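Here's final22.csv, which has CSV, C-alpha atoms and all ligand atoms:
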chain,number,residue,atom,x,y,z
A,60,MET,CA,86.6,210.0,58.9
A,61,THR,CA,89.9,208.3,57.9
A,62,PRO,CA,89.9,204.5,57.2
A,63,ARG,CA,92.0,204.0,60.4
A,64,GLN,CA,89.4,205.6,62.7
A,65,PRO,CA,87.0,202.7,62.8
A,66,LEU,CA,89.9,200.4,63.7
A,67,ILE,CA,91.1,202.7,66.4
A,68,SER,CA,87.6,203.1,67.9
A,69,MET,CA,87.1,199.3,67.7
A,70,ALA,CA,90.4,198.8,69.5
A,71,LEU,CA,89.4,201.4,72.1
A,72,PHE,CA,86.0,199.7,72.5
A,73,LEU,CA,87.6,196.3,72.9
A,74,SER,CA,90.2,197.5,75.4
A,75,ARG,CA,87.5,199.5,77.4
A,76,GLU,CA,85.2,196.4,77.5
A,77,SER,CA,88.1,194.3,78.6
A,78,LEU,CA,87.5,192.0,75.6
A,79,VAL,CA,91.1,192.0,74.4
A,80,PRO,CA,92.5,191.0,77.8
A,81,GLY,CA,89.6,188.5,78.0
A,82,VAL,CA,90.5,186.9,74.6
A,83,VAL,CA,94.2,186.9,75.5
A,84,GLU,CA,93.4,185.3,78.8
A,85,VAL,CA,91.3,182.5,77.1
A,86,LEU,CA,94.1,181.9,74.6
A,87,ARG,CA,96.6,181.8,77.4
A,88,ARG,CA,94.5,179.2,79.3
A,89,GLU,CA,94.1,177.2,76.1
A,90,LEU,CA,97.8,177.1,75.6
A,91,LYS,CA,98.4,176.2,79.2
A,92,LEU,CA,95.8,173.4,78.9
A,93,MET,CA,97.5,172.1,75.8
A,94,LYS,CA,100.8,172.1,77.5
A,95,ASN,CA,99.3,170.4,80.5
A,96,LEU,CA,97.7,167.8,78.3
A,97,LYS,CA,101.1,167.2,76.7
A,98,TRP,CA,102.7,166.9,80.1
A,99,ALA,CA,99.8,164.7,81.3
A,100,GLY,CA,100.5,162.4,78.3
A,101,ALA,CA,104.2,162.2,79.1
A,102,VAL,CA,103.5,161.6,82.8
A,103,ALA,CA,101.0,158.9,82.0
A,104,PHE,CA,103.6,157.2,79.7
A,105,GLY,CA,106.3,157.5,82.3
A,106,PHE,CA,104.0,156.0,85.0
A,107,VAL,CA,102.8,153.1,82.8
A,108,PHE,CA,106.4,152.4,81.7
A,109,ALA,CA,107.7,152.4,85.3
A,110,ALA,CA,104.7,150.3,86.5
A,111,LEU,CA,105.4,147.7,83.8
A,112,CYS,CA,109.1,147.6,84.6
A,113,VAL,CA,108.3,146.8,88.2
A,114,ALA,CA,105.4,144.3,87.4
A,115,GLU,CA,107.4,142.3,84.8
A,116,ARG,CA,110.1,141.7,87.3
A,117,ARG,CA,107.6,140.4,89.8
A,118,ARG,CA,105.7,138.3,87.3
A,119,PRO,CA,108.1,137.4,84.4
A,120,LEU,CA,106.5,135.7,81.4
A,121,ARG,CA,109.8,134.5,79.8
A,122,PRO,CA,113.2,133.7,81.4
A,123,ARG,CA,115.9,136.4,81.1
A,124,VAL,CA,118.8,135.5,78.8
A,125,GLU,CA,120.9,138.6,78.5
A,126,PRO,CA,124.0,138.4,80.8
A,127,ARG,CA,124.2,142.2,81.3
A,128,PRO,CA,120.7,143.5,81.8
A,129,LEU,CA,121.8,147.1,82.5
A,130,HIS,CA,123.8,147.3,79.3
A,131,ARG,CA,120.8,146.0,77.4
A,132,ALA,CA,118.4,148.5,79.1
A,133,ALA,CA,120.8,151.4,78.4
A,134,ARG,CA,121.1,150.3,74.7
A,135,ASN,CA,117.4,150.1,74.3
A,136,VAL,CA,116.8,153.5,75.9
A,137,THR,CA,119.6,155.1,73.8
A,138,LEU,CA,118.0,153.7,70.6
A,139,GLY,CA,114.6,154.9,71.8
A,140,VAL,CA,115.9,158.4,72.4
A,141,SER,CA,117.5,158.7,68.9
A,142,ALA,CA,114.3,157.3,67.4
A,143,LEU,CA,112.2,159.8,69.4
A,144,VAL,CA,114.3,162.8,68.2
A,145,ALA,CA,114.1,161.7,64.6
A,146,SER,CA,110.4,160.9,64.6
A,147,THR,CA,109.6,164.2,66.4
A,148,ALA,CA,111.5,166.2,63.8
A,149,VAL,CA,109.4,164.5,61.0
A,150,GLU,CA,106.2,165.0,63.0
A,151,TRP,CA,106.8,168.7,63.5
A,152,THR,CA,107.9,169.4,59.9
A,153,VAL,CA,106.0,167.0,57.6
A,154,VAL,CA,103.1,165.6,59.6
A,155,ARG,CA,101.7,168.8,61.2
A,156,SER,CA,101.9,170.9,58.0
A,157,THR,CA,100.3,168.0,56.0
A,158,GLY,CA,97.6,167.6,58.6
A,159,ALA,CA,96.7,171.3,58.6
A,160,TRP,CA,96.7,171.5,54.8
A,161,ALA,CA,94.6,168.3,54.5
A,162,GLU,CA,92.1,169.7,57.0
A,163,ARG,CA,91.9,173.1,55.2
A,164,HIS,CA,91.3,171.5,51.8
A,165,ARG,CA,89.2,168.6,53.1
A,166,ILE,CA,91.6,166.0,51.7
A,167,GLY,CA,90.9,162.4,52.6
A,168,LEU,CA,88.1,159.9,52.3
A,169,LEU,CA,86.2,160.6,55.6
A,170,HIS,CA,85.8,164.3,54.7
A,171,HIS,CA,83.5,163.2,51.8
A,172,LEU,CA,81.3,160.7,53.6
A,173,PRO,CA,77.9,162.0,54.8
A,174,LEU,CA,78.2,160.5,58.3
A,175,PRO,CA,77.9,162.0,61.8
A,176,LEU,CA,81.2,163.2,63.3
A,177,ARG,CA,81.4,160.4,65.9
A,178,VAL,CA,80.9,157.7,63.3
A,179,LYS,CA,83.7,159.3,61.1
A,180,GLN,CA,86.0,159.5,64.2
A,181,PHE,CA,85.3,155.8,64.9
A,182,LEU,CA,86.0,154.8,61.3
A,183,GLY,CA,89.1,157.0,61.3
A,184,PHE,CA,90.4,155.3,64.4
A,185,LEU,CA,89.9,151.8,62.8
A,186,ALA,CA,91.4,152.9,59.6
A,187,LEU,CA,94.5,154.3,61.4
A,188,ASP,CA,95.0,151.0,63.3
A,189,TYR,CA,94.4,148.8,60.2
A,190,SER,CA,97.0,150.8,58.2
A,191,ILE,CA,99.6,150.4,60.9
A,192,TYR,CA,98.9,146.6,60.8
A,193,LEU,CA,99.6,146.6,57.0
A,194,TRP,CA,102.7,148.8,57.5
A,195,HIS,CA,104.0,146.2,60.0
A,196,VAL,CA,103.4,143.3,57.5
A,197,ILE,CA,105.2,145.3,54.8
A,198,ASN,CA,108.1,146.0,57.2
A,199,HIS,CA,108.6,142.2,57.4
A,200,ARG,CA,108.1,141.6,53.6
A,201,ALA,CA,110.1,144.4,52.0
A,202,ASP,CA,113.9,143.9,52.3
A,203,GLY,CA,114.5,147.7,52.3
A,204,LEU,CA,112.2,148.1,55.4
A,205,TRP,CA,113.2,144.9,57.1
A,206,ARG,CA,116.8,146.2,57.4
A,207,PHE,CA,115.4,148.8,59.8
A,208,HIS,CA,112.8,146.7,61.6
A,209,ALA,CA,115.3,143.9,62.2
A,210,VAL,CA,117.1,146.2,64.6
A,211,HIS,CA,113.9,146.0,66.8
A,212,HIS,CA,113.7,142.2,66.4
A,213,ILE,CA,117.3,141.5,67.2
A,214,ASP,CA,116.7,142.1,70.9
A,215,ARG,CA,117.2,138.7,72.6
A,216,GLU,CA,114.7,139.5,75.3
A,217,LEU,CA,111.4,141.2,75.2
A,218,ASP,CA,110.3,143.7,77.9
A,219,ALA,CA,108.9,147.2,78.2
A,220,SER,CA,112.3,148.6,77.1
A,221,THR,CA,112.0,146.7,73.7
A,222,GLY,CA,108.8,148.8,73.2
A,223,VAL,CA,111.0,151.9,72.7
A,224,ARG,CA,113.9,150.2,71.0
A,225,PHE,CA,113.5,151.1,67.3
A,226,HIS,CA,116.0,152.3,64.7
A,227,PHE,CA,115.6,156.0,64.0
A,228,GLY,CA,115.2,155.2,60.3
A,229,GLU,CA,112.2,153.0,61.0
A,230,MET,CA,110.6,155.6,63.3
A,231,SER,CA,111.2,158.4,60.8
A,232,LEU,CA,109.5,156.4,58.1
A,233,THR,CA,106.6,155.5,60.4
A,234,ALA,CA,106.2,159.2,61.3
A,235,ALA,CA,106.2,160.0,57.6
A,236,LEU,CA,103.5,157.3,57.1
A,237,ARG,CA,101.3,159.4,59.4
A,238,ALA,CA,101.1,162.1,56.6
A,239,VAL,CA,100.0,159.4,54.2
A,240,GLN,CA,97.4,158.1,56.7
A,241,ILE,CA,96.0,161.7,57.2
A,242,LEU,CA,95.9,162.4,53.4
A,243,GLY,CA,94.2,159.0,52.6
A,244,ILE,CA,91.8,158.6,55.5
A,245,GLY,CA,91.0,162.3,56.3
A,246,VAL,CA,91.1,161.7,60.0
A,247,ASP,CA,90.8,164.7,62.3
A,248,ARG,CA,93.4,165.8,64.8
A,249,PRO,CA,91.6,164.6,68.1
A,250,THR,CA,91.1,161.1,66.7
A,251,LEU,CA,94.7,160.9,65.5
A,252,THR,CA,96.0,162.1,68.9
A,253,LEU,CA,93.8,159.6,70.8
A,254,TRP,CA,94.9,156.7,68.6
A,255,GLN,CA,98.6,157.7,68.8
A,256,ARG,CA,98.5,157.8,72.6
A,257,LEU,CA,96.7,154.5,72.9
A,258,LEU,CA,99.1,153.0,70.4
A,259,THR,CA,102.1,154.1,72.4
A,260,LEU,CA,100.7,152.6,75.6
A,261,SER,CA,99.8,149.4,73.8
A,262,VAL,CA,103.3,149.1,72.3
A,263,ILE,CA,105.0,149.2,75.7
A,264,PHE,CA,102.4,146.9,77.2
A,265,HIS,CA,102.5,144.1,74.6
A,266,HIS,CA,106.3,144.2,74.5
A,267,SER,CA,106.5,143.8,78.3
A,268,ASN,CA,107.6,140.6,80.0
A,269,LEU,CA,104.5,140.6,82.2
A,270,ARG,CA,102.7,137.3,82.9
A,271,LEU,CA,99.0,137.9,83.2
A,272,PRO,CA,96.5,135.3,84.5
A,273,VAL,CA,96.0,132.9,81.6
A,274,GLN,CA,92.2,133.3,81.2
A,275,PHE,CA,92.3,137.0,81.6
A,276,GLU,CA,95.0,137.3,78.9
A,277,GLN,CA,93.1,135.0,76.6
A,278,ALA,CA,90.0,137.2,76.9
A,279,LEU,CA,92.0,140.4,76.5
A,280,SER,CA,93.8,139.0,73.3
A,281,LEU,CA,90.4,138.9,71.6
A,282,PHE,CA,90.4,142.8,71.7
A,283,ILE,CA,94.0,144.1,72.0
A,284,VAL,CA,97.5,142.7,71.6
A,285,THR,CA,98.9,141.1,74.7
A,286,PRO,CA,102.4,140.3,75.9
A,287,SER,CA,102.1,136.6,75.1
A,288,MET,CA,100.7,137.3,71.6
A,289,HIS,CA,103.6,139.6,70.8
A,290,GLY,CA,106.0,137.1,72.2
A,291,VAL,CA,105.0,134.8,69.3
A,292,HIS,CA,105.8,137.6,66.8
A,293,HIS,CA,109.3,138.0,68.2
A,294,SER,CA,110.1,134.2,67.8
A,295,GLU,CA,113.4,133.4,66.0
A,296,ARG,CA,111.3,131.1,63.7
A,297,LYS,CA,110.0,132.9,60.7
A,298,HIS,CA,106.6,131.2,60.5
A,299,GLU,CA,105.9,132.3,64.1
A,300,ALA,CA,107.2,135.8,63.5
A,301,ASP,CA,104.7,135.9,60.6
A,302,ARG,CA,101.9,136.0,63.2
A,303,ASN,CA,100.4,138.8,65.4
A,304,PHE,CA,101.3,141.8,63.4
A,305,ALA,CA,98.7,144.0,65.0
A,306,SER,CA,99.9,146.9,67.3
A,307,LEU,CA,96.7,147.8,69.2
A,308,LEU,CA,93.5,146.0,68.1
A,309,SER,CA,93.9,142.3,67.5
A,310,VAL,CA,91.0,142.1,65.1
A,311,TRP,CA,93.2,142.7,62.0
A,312,ASP,CA,95.2,139.5,62.7
A,313,MET,CA,91.9,137.6,63.1
A,314,LEU,CA,90.7,138.9,59.7
A,315,HIS,CA,94.0,138.0,58.0
A,316,GLY,CA,94.4,134.6,59.6
A,317,THR,CA,97.6,135.7,61.4
A,318,TRP,CA,96.1,135.8,64.9
A,319,ARG,CA,97.7,133.5,67.4
A,320,PRO,CA,97.1,133.9,71.1
A,321,GLY,CA,100.3,133.4,73.1
A,322,ALA,CA,101.2,130.1,74.6
A,323,ALA,CA,104.2,128.2,75.9
A,324,GLN,CA,106.2,131.4,76.1
A,325,PRO,CA,109.2,129.9,78.0
A,326,THR,CA,109.9,127.6,75.0
A,327,ILE,CA,110.0,130.5,72.5
A,328,THR,CA,113.5,131.7,71.6
A,329,ILE,CA,113.3,135.5,71.1
A,330,GLY,CA,115.5,137.4,68.6
A,331,LEU,CA,117.2,136.7,65.3
A,332,PRO,CA,119.7,133.8,65.3
A,333,GLY,CA,121.7,135.5,62.4
A,334,ARG,CA,122.5,138.3,64.9
A,335,ARG,CA,123.6,136.7,68.2
A,336,ASP,CA,127.2,138.0,68.2
A,337,PRO,CA,127.5,140.4,71.1
A,338,ARG,CA,129.6,142.7,68.9
A,339,ASP,CA,126.5,143.2,66.7
A,340,LEU,CA,124.4,144.3,69.7
A,341,THR,CA,126.3,147.4,70.7
A,342,ILE,CA,124.9,150.9,69.7
A,343,GLY,CA,127.3,151.6,66.8
A,344,PRO,CA,126.7,148.4,64.8
A,345,LEU,CA,122.9,148.5,65.5
A,346,LEU,CA,122.6,152.1,64.1
A,347,ALA,CA,124.8,151.1,61.1
A,348,MET,CA,123.1,147.7,60.5
A,349,PRO,CA,120.4,148.8,57.9
A,350,PHE,CA,123.2,150.4,55.7
A,351,ARG,CA,125.4,147.3,55.7
A,352,PRO,CA,125.2,144.0,53.7
A,353,GLN,CA,122.5,141.9,55.3
A,354,ARG,CA,122.8,138.4,56.7
A,355,SER,CA,120.1,135.8,56.9
A,356,SER,CA,118.0,136.6,60.0
A,357,TRP,CA,115.9,133.5,60.8
A,358,ALA,CA,116.5,130.2,62.4
A,359,VAL,CA,117.4,127.3,60.1
A,360,ASP,CA,115.0,125.1,62.0
A,361,ASP,CA,111.5,126.5,61.2
A,362,SER,CA,109.5,123.7,62.8
A,363,PRO,CA,106.9,124.9,65.2
A,364,THR,CA,107.9,125.6,68.8
A,365,PRO,CA,106.0,123.1,70.9
A,366,GLY,CA,102.7,124.6,72.0
A,367,VAL,CA,103.0,127.8,70.1
A,368,LEU,CA,101.3,127.0,66.7
A,369,PRO,CA,99.2,123.8,67.1
A,370,GLN,CA,98.0,124.0,63.6
A,371,PRO,CA,99.2,125.7,60.4
A,372,ALA,CA,97.4,129.0,59.7
A,373,SER,CA,97.4,131.0,56.5
A,374,VAL,CA,99.6,134.1,56.3
A,375,ALA,CA,98.4,137.5,55.1
A,401,ZN,ZN,107.8,142.9,63.6

Could you render the structure as structure tokens?
Amino acid sequence: MTPRQPLISMALFLSRESLVPGVVEVLRRELKLMKNLKWAGAVAFGFVFAALCVAERRRPLRPRVEPRPLHRAARNVTLGVSALVASTAVEWTVVRSTGAWAERHRIGLLHHLPLPLRVKQFLGFLALDYSIYLWHVINHRADGLWRFHAVHHIDRELDASTGVRFHFGEMSLTAALRAVQILGIGVDRPTLTLWQRLLTLSVIFHHSNLRLPVQFEQALSLFIVTPSMHGVHHSERKHEADRNFASLLSVWDMLHGTWRPGAAQPTITIGLPGRRDPRDLTIGPLLAMPFRPQRSSWAVDDSPTPGVLPQPASVA
């Protein structure tokens, strides 16, 4: 018997027993399911985005200030598309290979904790969300990162479209951070995917200009970031922008003393006063902004907006 004969007979057995077509069929179904899940995620995002766009026009939280709303929306979506392309490129090249390598070699803290899978996944979820809180704080503190994040804060209004308006440099760096999160935390793929999807929905929700019933929003802000909370973070006054850094769970702001539930939204001025010139707000200058000499961003008057910060709070 030649060494190839067992292989041939195994292939004959598998094909005779319909095992190979069966396996191929299972793989095909799995691939289809994965594709469908991806489409389901995209459809859910599109549905929530569209629903928020309609709802925030019916129940606006803050007055509109941009004279050309369609230009602004087009600008935000264009920036969002460029950021999506850049971050997807980083995700497919750096993050996926890092994730597969870390999983294979059991790199990351959670791999070495003797805990049940569900507990590890829960801790992984919290660790991912806490690290993105810290990343947001660093984006405000480090000049090199603020150059990119300021493009997001320049928007003079806040609505669902601001939730996709990020400079491609910031989104590429945030995507690369994902590799660091995976290596440090040791989070598994399902937990990472769940967190990323919830984070995306949370980001467009808390940027929206949607006025919720006050008591409902106050209760909600104990758990997740709400539109009023994030409105405080987009104030032109620096000590107010140094509040509410969380992106999904609001507990991190509570722990760091930076939590401020939203109030008096119509009195808050959104944006960066150093960047009010309409010529700064077109696509070209916005994309080039991080690479040019920087101007002071914040309002000269840093006194509290009435009703927003009733008492001084410590900053992280
Ligand atoms: Zn920010």

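One finds CA of Ser309 in chain A at 6.4 Å from CA of Leu281 in chain A.
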
Hey, which residues come within 9 Å of ligand ZN 401 (chain A) if we count all atoms listed in the file? Could you give them as a PyMOL selection string? chain A and resi 195-196+198-199+205+208-209+211-212+289+292-293+300-301+303-304

Limited to C-alpha atoms, could you put the picked residues into a file as an mmCIF file, keeping the file's coordinate frame?
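Final output, saved to part_31.cif:
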data_model
loop_
_atom_site.group_PDB
_atom_site.id
_atom_site.type_symbol
_atom_site.label_atom_id
_atom_site.label_comp_id
_atom_site.auth_asym_id
_atom_site.auth_seq_id
_atom_site.Cartn_x
_atom_site.Cartn_y
_atom_site.Cartn_z
ATOM 1 C CA HIS A 195 104.000 146.200 60.000
ATOM 2 C CA VAL A 196 103.400 143.300 57.500
ATOM 3 C CA ASN A 198 108.100 146.000 57.200
ATOM 4 C CA HIS A 199 108.600 142.200 57.400
ATOM 5 C CA TRP A 205 113.200 144.900 57.100
ATOM 6 C CA HIS A 208 112.800 146.700 61.600
ATOM 7 C CA ALA A 209 115.300 143.900 62.200
ATOM 8 C CA HIS A 211 113.900 146.000 66.800
ATOM 9 C CA HIS A 212 113.700 142.200 66.400
ATOM 10 C CA HIS A 289 103.600 139.600 70.800
ATOM 11 C CA HIS A 292 105.800 137.600 66.800
ATOM 12 C CA HIS A 293 109.300 138.000 68.200
ATOM 13 C CA ALA A 300 107.200 135.800 63.500
ATOM 14 C CA ASP A 301 104.700 135.900 60.600
ATOM 15 C CA ASN A 303 100.400 138.800 65.400
ATOM 16 C CA PHE A 304 101.300 141.800 63.400
#

Between A:Phe275, A:Trp151, A:Phe264, A:Phe181, single out the one closest to Arg237 in chain A, counting all atoms listed in the file.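 The closest residue to Arg237 in chain A is A:Trp151.
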
For Leu251 in chain A, which of A:Asp218, A:Asp336, A:Glu125, A:Asp188 is the closest residue, counting all atoms listed in the file?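 Between A:Asp218, A:Asp336, A:Glu125, A:Asp188, the residue approaching Leu251 in chain A most closely is A:Asp188.
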
Please indicate the distance in Å from CA of His266 in chain A to CA of Val210 in chain A, rounded to one decimal place.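 These two atoms are separated by 14.8 Å.
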
Determine, counting all atoms listed in the file, which protein, DNA and RNA residues have an atom within 6 Å of an atom of range 220-228 of chain A; residues of the same chain fewer than 6 positions away are not included. Present the result as number ranges by chain. A: 135, 138-139, 141-142, 145, 211, 262-263, 266

How would the residues just picked look written out with C-alpha atoms as a PDB file, in the coordinates of the input?
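File part02.pdb, as written:
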ATOM      1  CA  ASN A 135     117.400 150.100  74.300  1.00  0.00           C
ATOM      2  CA  LEU A 138     118.000 153.700  70.600  1.00  0.00           C
ATOM      3  CA  GLY A 139     114.600 154.900  71.800  1.00  0.00           C
ATOM      4  CA  SER A 141     117.500 158.700  68.900  1.00  0.00           C
ATOM      5  CA  ALA A 142     114.300 157.300  67.400  1.00  0.00           C
ATOM      6  CA  ALA A 145     114.100 161.700  64.600  1.00  0.00           C
ATOM      7  CA  HIS A 211     113.900 146.000  66.800  1.00  0.00           C
ATOM      8  CA  VAL A 262     103.300 149.100  72.300  1.00  0.00           C
ATOM      9  CA  ILE A 263     105.000 149.200  75.700  1.00  0.00           C
ATOM     10  CA  HIS A 266     106.300 144.200  74.500  1.00  0.00           C
TER      11      HIS A 266
END

Given the point (117.8, 145.2, 59.3) in the file's coordinates, find the residues that have an atom at most 9 Å from it, counting all atoms listed in the file, and give them as an MDAnalysis selection string. chainID A and resid 202:213 345 348:351 353:354 356

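Here CA of Ser261 in chain A and CA of Leu340 in chain A stand 25.5 Å from one another.
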
For a cut-off of 9 Å around (109.8, 133.1, 63.8), file coordinates, pick out all residues using only C-alpha atoms and list them as a PyMOL selection string. chain A and resi 291-302+328-331+357-358+361+363
